[in-house]
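Chemist: After the structure tokens below, expect a handful of questions from me.
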Amino acid sequence: MNNRIAITGMGIVSAIGMNVEENYGSLMQKKHGISRVEFIKTKLKSSILVGEIKKSNQELSHILGLDKGHNFSRTAMLGTIAAKEAVKDAGLSTESDMDCGFINATSVGGMDMTERYFYDFVENPEYRRFVETQCTGVNTQNISDYIKISGLSTTISTACSSAANAVIFGARLIETGRLQRVIVGGTDALCKFTMNGFNTLMILSDNYISPFDNNRKGLNLGEGAAYLVLESKDSYIERGKEPLAFLSGYANSNDAFHQTASSEDGAGAFLAMKKALKLGHIDSKDIDYINAHGTATPNNDLSEGRAISRVFNNEVPKFSSTKPYTGHTLAAAASIEAVFSLLALKNQVIFPNLNFKEKMSEFNLTPVLEVEKVKMNTVLSNSFGFGGNCSALIFNKS
Amino acid sequence: MIKNCYINGVGCISAQKTYDGTFLNEIIDHDNEPVVNVVKPEYHKYISPSSVRRMSSGVKNGIVASTLAMDEANIEQIDAIITGTGLGCLQDSEKFLKCLIEHDEEYLTPTPFIQSTHNTVAGQIALMHKCKGYNFTYVNTSSSFNAALLDGLMQIQTNEAKSVLVGGVDEIAPHTTSLFQIIEHYKSSTTNKNDSQNGQSKGHVCGEGCAFFVIESEKKESSYCEVVDVHFLNRLSHKAPNEFIVDFIRKNQLELDAVDAVILGCNNDVSFDHIYDGIQHLFSTSHLLTYKHLFGEFMTSTGVATWMACQIFKTSSIPKELVLQEGHRPIKNILIYNQYRDRDHSLILLKNV
């Protein structure tokens, strides 16, 4: 990478907090946000646990001061709250700044509204303003209108790696000089569609998840949103803004193995990590901490663990999955975990992999189990998704 | 050093017969239908019978169009696969959602859920070709194909990739169509009938289609044209469309007069077609072309417009059905301008090779 990309702001909302500070507090206190689903009427209520944000749609719209007749889906509202915080944190004034873009990621978009009113739309004109939110892009438009983005804006949807790919595309837009500043990240709300979809795949756990544990049973779904502000060197110097950290490597690869499952040796994951290290001219020994994808499905953790072991020649750095805190937030996961990685760097602390008891039989890997103060400069964050989509991001403190 | 980017292979499935190497030799009249489906290619030539049954039409069209494009470019391996889709895999989304609602979360099967994921087409193509490279999907209403093309262009220009497969795909699903008809984004049968009698009405004809391109840094025998630049904005804010276009052309160090043909995204929606009104003044001696009256409107229709531009470069001819204004000049540069409901204003600039 010729020109390192600076990160000058971040914002987040998840089951463990409505902003960066609250999220950090929960991480440090080992306070997870996993519970029974409250705001969605579903038959799965008693059989699954989720990382639900305990604010109703009405409360969310109140937080944002939206008009009564607004057409923000829950996904768009969560996204707006996090994007607003990121813009504020970076101290950007986005209005009429044509060099500032927005790259959003979402997998469900307005599905929470579509599934609620799918047939009622026909009978009830009152709900019809939500018809178009089924286009994921309309949710992005709503967020970008709210935070007043004038420049290039788009949406990426590559399942559970979506937000990492938004970070990658945003970084490349800066590197090629097409943008100076870009807000990147993802948002996804819980909905019946995904809860039932993952349930049919039989990869939902009925208990709190335990990534990289020999007896792991599957994942908890979650909801949330997080965004980073990426900025060129020229831009942050001109603004006199001190970067939080730098994006020093990234890559996307495809496993090309199966539409939903990962290959046993984690070929795509391996390639993504290798390519990200190469792009950043970073030696694998320099990675101080890995925020793993670690969904706690039998398949992912085996595949990811094998890939990590290969990349690091069995000298695996400290690692943890933070999904036991938030649940798997799908298209938002990579940006939520990017914020956690940046918090780790900023505070020189690793957040533990909750609920772990027993090492997996296939390899000798134990994640970090307690809040641990560590001197670190470089963090790797992994995100993998359906369609064999694998992404890796590397953040540097200096 | 910035590399040039050439379109070396194309594949297009649309409401016209666009997959057989001809350029609109025979026009299919869709007879004012409010919904126009694609002319189906012979799927079994490209896809196994079990997959033909299992896959939605968008996935099938994506596989056929990408195969055609790769065959034309005469390559077997690509470095990256980048797709755009406005509404994603609607047919499987509807299937899963209907089952979920009608059977109250019982009797669900995973296949439609898996296939409803927006990146299904890109994932399936990667699986087919065992392509472990970069794999992205943009889902941003009607600039989705443009985002995919921009990403591919950047990959080629910066030498990150030598061969990239770029495509746009959208498919029709019945219930979603009826909902967009109710909110008058799409024309319904009645309003469409009024159309021919009273001029324009609200909404557009609902179409579907798919176009894939192999873009490469190497100029080949099969090269159609060069992709010069791509740009899109969520909305124009206070800018007029003409200003947006002029800025873009100047940024590419061209004079307006160098644009020999402009393909416009007019879709006969009375509420928004006026956006294109000023363009005629801007390009008074250029060829002005429209296409959605033949193909219907869908979120990735700029892929079809790009396919058309490729055919115009290759054949040095323009079918009369496309002509809004005749330019009487040879064609070196083609500009594609599209918007959807005054959002997603997008531009693609292509140059003859």
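Each chain of the structure tokens is named A, B, ... in the order shown, its residues numbered from 1; ligands are numbered from 1 in display order.
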So that each row is one residue of chain B with an atom at most 7 Å from chain A, can you give its shortest atom pair and the distance in Å to one decimal, using only C-alpha atoms, rows by chain and rising number, as JSON lines?
Modeler:
{"residue": "B:Gly86", "atom": "CA", "partner": "A:Cys135", "partner_atom": "CA", "distance": 6.7}
{"residue": "B:Leu87", "atom": "CA", "partner": "A:Cys135", "partner_atom": "CA", "distance": 5.5}
{"residue": "B:Leu97", "atom": "CA", "partner": "A:Phe193", "partner_atom": "CA", "distance": 6.8}
{"residue": "B:Glu105", "atom": "CA", "partner": "A:Lys43", "partner_atom": "CA", "distance": 6.8}
{"residue": "B:Leu108", "atom": "CA", "partner": "A:Thr200", "partner_atom": "CA", "distance": 6.6}
{"residue": "B:Thr109", "atom": "CA", "partner": "A:Thr200", "partner_atom": "CA", "distance": 5.9}
{"residue": "B:Pro110", "atom": "CA", "partner": "A:Thr200", "partner_atom": "CA", "distance": 5.1}
{"residue": "B:Phe113", "atom": "CA", "partner": "A:Gly197", "partner_atom": "CA", "distance": 5.5}
{"residue": "B:Thr117", "atom": "CA", "partner": "A:Ala159", "partner_atom": "CA", "distance": 6.8}
{"residue": "B:His118", "atom": "CA", "partner": "A:Ser157", "partner_atom": "CA", "distance": 6.0}
{"residue": "B:Asn119", "atom": "CA", "partner": "A:Thr158", "partner_atom": "CA", "distance": 5.3}
{"residue": "B:Thr120", "atom": "CA", "partner": "A:Gly387", "partner_atom": "CA", "distance": 6.2}
{"residue": "B:Gly123", "atom": "CA", "partner": "A:Gly387", "partner_atom": "CA", "distance": 4.4}
{"residue": "B:Ala126", "atom": "CA", "partner": "A:Ala256", "partner_atom": "CA", "distance": 5.6}
{"residue": "B:Leu127", "atom": "CA", "partner": "A:Ala256", "partner_atom": "CA", "distance": 4.6}
{"residue": "B:Lys130", "atom": "CA", "partner": "A:Ala256", "partner_atom": "CA", "distance": 5.2}
{"residue": "B:Cys131", "atom": "CA", "partner": "A:Ala256", "partner_atom": "CA", "distance": 6.1}
{"residue": "B:Lys132", "atom": "CA", "partner": "A:Asn254", "partner_atom": "CA", "distance": 4.3}
{"residue": "B:Gly133", "atom": "CA", "partner": "A:Ser253", "partner_atom": "CA", "distance": 4.9}
{"residue": "B:Tyr134", "atom": "CA", "partner": "A:Ser253", "partner_atom": "CA", "distance": 4.8}
{"residue": "B:Asn135", "atom": "CA", "partner": "A:Asn254", "partner_atom": "CA", "distance": 6.3}
{"residue": "B:Phe136", "atom": "CA", "partner": "A:Thr158", "partner_atom": "CA", "distance": 6.5}
{"residue": "B:Thr137", "atom": "CA", "partner": "A:Ser157", "partner_atom": "CA", "distance": 5.7}
{"residue": "B:Tyr138", "atom": "CA", "partner": "A:Ile156", "partner_atom": "CA", "distance": 4.5}
{"residue": "B:Val139", "atom": "CA", "partner": "A:Thr155", "partner_atom": "CA", "distance": 5.4}
{"residue": "B:Asn140", "atom": "CA", "partner": "A:Gly137", "partner_atom": "CA", "distance": 4.0}
{"residue": "B:Thr141", "atom": "CA", "partner": "A:Gly137", "partner_atom": "CA", "distance": 5.0}
{"residue": "B:Leu179", "atom": "CA", "partner": "A:Val131", "partner_atom": "CA", "distance": 6.8}
{"residue": "B:Ile183", "atom": "CA", "partner": "A:Arg128", "partner_atom": "CA", "distance": 6.9}
{"residue": "B:Phe232", "atom": "CA", "partner": "A:Leu152", "partner_atom": "CA", "distance": 6.1}
{"residue": "B:Leu233", "atom": "CA", "partner": "A:Leu152", "partner_atom": "CA", "distance": 4.8}
{"residue": "B:Asn234", "atom": "CA", "partner": "A:Ser153", "partner_atom": "CA", "distance": 5.8}
{"residue": "B:Ser237", "atom": "CA", "partner": "A:Ser150", "partner_atom": "CA", "distance": 6.8}
Chemist: Please indicate the distance in Å from CA of Glu171 in chain B to CA of Tyr186 in chain B, rounded to one decimal place.
Modeler: 14.4 Å
Chemist: Enter the distance from CA of Phe312 in chain A to CA of Ile203 in chain A, in Å, rounded to one decimal.
Modeler: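 We find that CA of Phe312 in chain A and CA of Ile203 in chain A lie 28.1 Å from each other.
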Chemist: Tell me which protein, DNA and RNA residues are within 9 Å of Met299 in chain B, counting only C-alpha atoms, leaving out same-chain ones fewer than 6 positions away, and put them as a list of chain:residue names.
Modeler: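 Counting only the stated atoms, we get B:Thr85, B:Gly86, B:Leu87, B:Asn140, B:Thr141, B:Ser142, B:Ser143, B:Ser144, B:Phe145, B:Gly168, B:Val169, B:Asp170, B:Gly207, B:Glu208, B:Tyr340.
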Chemist: Skip Met1 in chain B itself and residues of its chain fewer than 2 positions away, then list as a ChimeraX atom specification all residues within 10 Å of it, counting only C-alpha atoms.
Modeler: /B:3-4,157-159
Chemist: Could you dump the residues just selected with N, CA and C atoms as a JSON list (two decimals), in the first residue's frame?
Modeler:
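Result file is result.json:
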[["chain", "number", "residue", "atom", "x", "y", "z"],
["B", 3, "LYS", "N", -3.10, 1.61, -15.79],
["B", 3, "LYS", "CA", -3.32, 0.74, -16.96],
["B", 3, "LYS", "C", -4.66, 1.06, -17.61],
["B", 4, "ASN", "N", -4.72, 0.79, -18.92],
["B", 4, "ASN", "CA", -6.00, 0.91, -19.61],
["B", 4, "ASN", "C", -6.86, -0.31, -19.31],
["B", 157, "GLN", "N", -6.88, -0.76, -13.45],
["B", 157, "GLN", "CA", -6.03, 0.44, -13.53],
["B", 157, "GLN", "C", -4.83, 0.35, -12.59],
["B", 158, "THR", "N", -5.05, -0.20, -11.40],
["B", 158, "THR", "CA", -3.97, -0.24, -10.42],
["B", 158, "THR", "C", -3.16, -1.54, -10.51],
["B", 159, "ASN", "N", -3.50, -2.36, -11.52],
["B", 159, "ASN", "CA", -2.77, -3.61, -11.75],
["B", 159, "ASN", "C", -2.95, -4.64, -10.63]]
Chemist: Residues at most 8 Å from Ala86 in chain A, counting only C-alpha atoms, excluding those fewer than 5 positions away in the same chain, as a VMD selection string?
Modeler: chain A and resid 9 to 12 183 227 to 229
Chemist: List every residue of range 20-143 of chain B that DSSP, applied to the backbone, labels as strand (DSSP E or B), and write the result as a PyMOL selection string.
Modeler: chain B and resi 35+80-84+134-138
Chemist: What lies within 7 Å of range 319-329 of chain A using only C-alpha atoms, ignoring chain neighbours under 4 positions off, as a PyMOL selection string?
Modeler: chain A and resi 14-16+32-34+50-51+188+208-211+219-224+289-295+333+352-354+367-368
Chemist: Write out the residues from the selection above, keeping N, CA and C atoms, as a short mmCIF file (atom, residue, chain, number, x, y, z; two decimals), in the first residue's frame.
Modeler:
data_model
loop_
_atom_site.label_atom_id
_atom_site.label_comp_id
_atom_site.auth_asym_id
_atom_site.auth_seq_id
_atom_site.Cartn_x
_atom_site.Cartn_y
_atom_site.Cartn_z
N SER A 14 -24.54 -1.83 19.45
CA SER A 14 -24.66 -3.28 19.49
C SER A 14 -25.41 -3.67 20.76
N ALA A 15 -25.57 -4.96 20.94
CA ALA A 15 -26.29 -5.44 22.12
C ALA A 15 -25.57 -5.09 23.42
N ILE A 16 -24.29 -4.67 23.32
CA ILE A 16 -23.59 -4.30 24.56
C ILE A 16 -23.37 -2.79 24.69
N HIS A 32 -21.92 -9.53 28.58
CA HIS A 32 -22.45 -9.83 27.24
C HIS A 32 -23.86 -9.25 27.06
N GLY A 33 -24.34 -9.23 25.82
CA GLY A 33 -25.66 -8.68 25.54
C GLY A 33 -26.62 -9.72 24.97
N ILE A 34 -26.41 -10.97 25.39
CA ILE A 34 -27.20 -12.06 24.81
C ILE A 34 -28.43 -12.35 25.68
N VAL A 50 -30.24 -14.43 21.38
CA VAL A 50 -29.79 -13.44 20.39
C VAL A 50 -29.13 -12.24 21.06
N GLY A 51 -28.36 -11.53 20.26
CA GLY A 51 -27.79 -10.27 20.73
C GLY A 51 -28.68 -9.13 20.28
N ASP A 188 -27.04 -4.33 10.35
CA ASP A 188 -28.06 -5.36 10.16
C ASP A 188 -28.91 -5.45 11.41
N TYR A 208 -25.56 -19.92 25.28
CA TYR A 208 -24.53 -18.90 25.03
C TYR A 208 -23.40 -19.55 24.23
N ILE A 209 -22.89 -18.83 23.25
CA ILE A 209 -21.93 -19.47 22.34
C ILE A 209 -20.53 -19.54 22.95
N SER A 210 -19.77 -20.54 22.50
CA SER A 210 -18.41 -20.74 23.00
C SER A 210 -17.46 -20.99 21.83
N PRO A 211 -17.00 -19.90 21.19
CA PRO A 211 -16.13 -20.05 20.03
C PRO A 211 -14.85 -20.82 20.38
N LEU A 219 -24.08 -20.76 16.54
CA LEU A 219 -23.96 -19.32 16.77
C LEU A 219 -25.21 -18.71 17.38
N ASN A 220 -25.04 -17.54 17.99
CA ASN A 220 -26.15 -16.66 18.37
C ASN A 220 -26.18 -15.54 17.34
N LEU A 221 -27.37 -15.25 16.81
CA LEU A 221 -27.45 -14.09 15.91
C LEU A 221 -27.50 -12.81 16.74
N GLY A 222 -27.07 -11.73 16.14
CA GLY A 222 -27.13 -10.45 16.83
C GLY A 222 -27.53 -9.35 15.86
N GLU A 223 -27.63 -8.14 16.39
CA GLU A 223 -27.91 -7.01 15.51
C GLU A 223 -27.02 -5.85 15.95
N GLY A 224 -26.84 -4.92 15.02
CA GLY A 224 -26.02 -3.77 15.36
C GLY A 224 -25.48 -3.09 14.12
N TYR A 289 -2.38 -9.51 17.89
CA TYR A 289 -3.69 -10.02 18.34
C TYR A 289 -4.57 -10.27 17.12
N ILE A 290 -5.33 -11.35 17.16
CA ILE A 290 -6.31 -11.61 16.10
C ILE A 290 -7.71 -11.55 16.70
N ASN A 291 -8.54 -10.66 16.15
CA ASN A 291 -9.96 -10.72 16.48
C ASN A 291 -10.57 -11.67 15.46
N ALA A 292 -10.83 -12.89 15.90
CA ALA A 292 -11.24 -13.96 14.97
C ALA A 292 -12.69 -13.79 14.55
N HIS A 293 -13.03 -14.42 13.41
CA HIS A 293 -14.44 -14.45 13.00
C HIS A 293 -15.20 -15.25 14.06
N GLY A 294 -14.67 -16.43 14.42
CA GLY A 294 -15.15 -17.22 15.56
C GLY A 294 -16.64 -17.21 15.82
N THR A 295 -17.42 -17.77 14.90
CA THR A 295 -18.88 -17.74 15.07
C THR A 295 -19.35 -18.78 16.08
N ALA A 333 -20.94 -7.36 11.33
CA ALA A 333 -19.96 -8.00 12.22
C ALA A 333 -18.55 -7.46 12.02
N PRO A 352 -11.73 -10.75 26.16
CA PRO A 352 -11.71 -12.21 26.21
C PRO A 352 -12.76 -12.89 25.33
N ASN A 353 -12.47 -14.15 25.06
CA ASN A 353 -13.35 -15.05 24.34
C ASN A 353 -14.21 -15.74 25.41
N LEU A 354 -15.41 -15.21 25.65
CA LEU A 354 -16.24 -15.72 26.75
C LEU A 354 -16.66 -17.18 26.53
N PRO A 367 -7.95 -19.54 23.15
CA PRO A 367 -8.10 -18.08 23.01
C PRO A 367 -7.81 -17.36 24.32
N VAL A 368 -7.73 -16.05 24.26
CA VAL A 368 -7.56 -15.24 25.47
C VAL A 368 -8.85 -15.32 26.29
#
Chemist: If we count only C-alpha atoms, what is near Phe130 in chain A at a cut-off of 8 Å, once residues fewer than 6 positions away on the same chain are taken out, given as a ChimeraX atom specification?
Modeler: /A:71-73,110,113-114
Chemist: Given the selection you just returned, output its residues as a file containing C-alpha atoms, formatted as a short mmCIF file (atom, residue, chain, number, x, y, z; two decimals), in the first residue's frame.
Modeler:
data_model
loop_
_atom_site.label_atom_id
_atom_site.label_comp_id
_atom_site.auth_asym_id
_atom_site.auth_seq_id
_atom_site.Cartn_x
_atom_site.Cartn_y
_atom_site.Cartn_z
CA ASN A 71 -39.47 5.05 6.21
CA PHE A 72 -36.37 3.99 8.11
CA SER A 73 -36.18 0.27 8.70
CA GLY A 110 -35.38 -3.51 5.20
CA MET A 113 -40.33 -4.32 7.47
CA THR A 114 -40.92 -6.49 4.40
#
Chemist: When distances are computed from only C-alpha atoms, which of B:Tyr107, B:Tyr276, B:Tyr19, B:Phe248 shows the smallest separation from Leu324 in chain B?
Modeler: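 Ranked by minimum distance to Leu324 in chain B, first place goes to B:Tyr276.
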Chemist: To test your reading of the structure, identify every residue in range 46-269 of chain B that backbone DSSP assigns to helix (DSSP H, G or I), and report it as a ChimeraX atom specification.
Modeler: /B:49-54,57-73,90-102,110-116,120-129,141-157,174-182,189-198,241-251,256-258
Chemist: One number please: CA of Ala307 in chain A to CA of Gly218 in chain A, in Å, one decimal.
Modeler: 19.3 Å
